[in-house]
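Heads up: the structure comes next, in structure tokens.
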Amino acid sequence: MTKIAEVKMLVETGKAKKIGACVQEALDEGVKASDILEAMIDSMGVVGDKFSAGDIFVPEMLIAAKAMSKGVEVLKPMLAGDGSTSLGTCIIGTVAGDLHDIGKNLVAMMIESSGFDLVDLGVDVPAQRFVDAVNENKNVVLVACSGLLTTTMPALKEAVQTIKAALPEMKVIVGGAPVTPEYAAEIGADGYAPDAGSAGVKAKELVS
Ligand code: B1M
């Protein structure tokens, strides 16, 4: 089995203790960090499909997520930039009712590496908390809201509208698997990105 296939298998079977060493071995063999990340994201898709088919349940999804997070920890120094410049502060969080954080963490990493200081509010963030965080932190230029469930898309809308009502000039970027560019525009977000890499690029574009 290739190292990358092994990494995929360790994510799919949720082997958090073994994955760090395996990711490191793949890197040592010359596999690119971005290819390892892509393979792990694919594996989470496989996990999601198994969940949809009723072959696995929430605990298995959770341990797969833990394994993926451990793998990402090893890749982080290679994927993130040096953060030596600052375009201002970005507040990020997953919206109320939503506990998914892997995608949000990857987006946070790429926005940070694009030159922003980052304040991560975590998951299940009420709309007003985004506004409070803007007021509590210095030089906030962007708010990034992630939503992973179709059932939390209304919470995404509430977050954007609450931020825009309180802080009309604040730029807001949204994303997450069920979010489309059309939905982002409809709820009044300034920007949308389909993945972490493009979120970093879009974030920079929005404040330049
Ligand atoms: Co859940 N879950 N989950 N889950 N989970 C999904 C999302 C699901 C698609 C699985 C499925 O049914 N096939 C499904 C949602 C269906 C839907 O709404 N259409 C689902 C469900 C139903 C649920 C529960 C309701 C299950 C239950 O309890 N019955 C429950 C809800 C809990 C809650 O949030 N209130 C639940 C729980 C969980 C766990 C807690 C067990 C766990 C999350 C653990 C964690 O995150 N720490 C979990 C997991 C692991 C998944 C899957 C398998 C993987 C998610 C993931 O990390 N993907 C997922 C299936 C799937 O994704 N195919 C699934 C990898 C990640 C890198 O991708 O998050 O999409 P993603 O992020 C991408 C882009 O979306 C984008 O960039 C990222 C990187 O490229 N992006 C942004 C994300 N945020 C962005 C923000 C931006 C821009 C881009 O700008 C700000």
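In the structure tokens, each chain is lettered A, B, ... as it comes, each chain's residues begin at 1, and ligands are numbered from 1 in order of appearance.
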Return as an MDAnalysis selection string every polymer residue, whether protein, DNA or RNA, with at least one atom no more than 6 Å from an atom of ligand 1; count only C-alpha atoms and all ligand atoms.
chainID A and resid 41 44:45 47:49 51:52 58 61:62 65 97:104 106:107 144:146 148:151 173:177 193:196 199
Give me, as a tab-separated table, each residue of region 70-135 of chain A that comes within 12 Å of region 165-169 of chain A, together with its shortest interatomic pair and the distance in Å at one decimal, counting only C-alpha atoms, with rows ordered by chain and rising residue number.
```
residue	atom	partner	partner_atom	distance
A:Ala127	CA	A:Ala166	CA	10.9
A:Gln128	CA	A:Ala166	CA	9.2
A:Arg129	CA	A:Ala166	CA	11.7
A:Phe130	CA	A:Ala166	CA	10.3
A:Val131	CA	A:Ala166	CA	7.1
A:Asp132	CA	A:Ala166	CA	9.8
A:Ala133	CA	A:Leu167	CA	11.8
A:Val134	CA	A:Leu167	CA	8.9
A:Asn135	CA	A:Leu167	CA	9.6
```
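Going from CA of Lys66 (chain A) over to CA of Lys32 (chain A), you cover 21.7 Å.
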Taking the chain letters and numbering used in this document, name the residues of region 107-148 of chain A that DSSP puts in alpha helix (DSSP H), as a list in words.
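Secondary structure check on region 107-148 of chain A, alpha helix (DSSP H): Val107, Ala108, Met109, Met110, Ile111, Glu112, Ser113, Ala127, Gln128, Arg129, Phe130, Val131, Asp132, Ala133, Val134, Asn135 and Glu136 of chain A.
The residues of chain A that DSSP assigns to strand (DSSP E) on this backbone come out as Thr89, Cys90, Ile91, Ile92, Gly93, Thr94, Asp117, Leu118, Val119, Asp120, Val140, Val141, Leu142, Val143, Ala144, Cys145, Ser146, Lys171, Val172, Ile173, Val174, Gly175, Gly191 and Tyr192 of chain A.
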Restricting the output to C-alpha atoms, write the selected residues as a CSV table (one decimal), in the first residue's frame.
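The result, written out as part11.csv:
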```
chain,number,residue,atom,x,y,z
A,89,THR,CA,-7.6,40.9,12.1
A,90,CYS,CA,-10.0,38.3,10.9
A,91,ILE,CA,-12.7,36.8,13.3
A,92,ILE,CA,-13.7,33.3,12.3
A,93,GLY,CA,-16.2,30.8,13.7
A,94,THR,CA,-18.7,28.0,12.8
A,117,ASP,CA,-4.1,38.0,12.5
A,118,LEU,CA,-6.7,35.5,13.5
A,119,VAL,CA,-9.3,35.3,16.3
A,120,ASP,CA,-11.0,31.9,16.3
A,140,VAL,CA,-10.8,43.8,12.7
A,141,VAL,CA,-11.3,44.0,8.9
A,142,LEU,CA,-13.0,40.7,8.1
A,143,VAL,CA,-15.4,38.2,9.6
A,144,ALA,CA,-15.4,34.6,8.3
A,145,CYS,CA,-18.4,32.4,9.0
A,146,SER,CA,-18.5,28.7,8.3
A,171,LYS,CA,-16.5,42.6,5.2
A,172,VAL,CA,-18.0,39.2,5.7
A,173,ILE,CA,-16.9,36.0,3.9
A,174,VAL,CA,-18.9,32.7,4.2
A,175,GLY,CA,-18.5,29.1,3.1
A,191,GLY,CA,-17.5,37.0,-0.3
A,192,TYR,CA,-17.8,33.3,-0.8
```
Contacts of Val201 (chain A) at 10 Å or less, counting only C-alpha atoms, minus same-chain residues fewer than 3 places along, as a list in words?
Met110, Ile111, Ser113, Ser114, Ala193, Ala196, Gly197, Ser198, Lys204, Glu205 and Leu206 of chain A
Could you check which of A:Val95, A:Leu87, A:Ala155, A:Leu10 is closest to Gly115 (chain A), using only C-alpha atoms?
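The answer is A:Leu87, which sits nearest to Gly115 (chain A).
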Tell me which protein, DNA and RNA residues are within 7 Å of Gln24 (chain A), counting only C-alpha atoms, leaving out same-chain ones fewer than 4 positions away, and put them as a PyMOL selection string.
chain A and resi 20+28+74
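Here CA of Ser69 (chain A) stands at a distance of 17.3 Å from CA of Ala5 (chain A).
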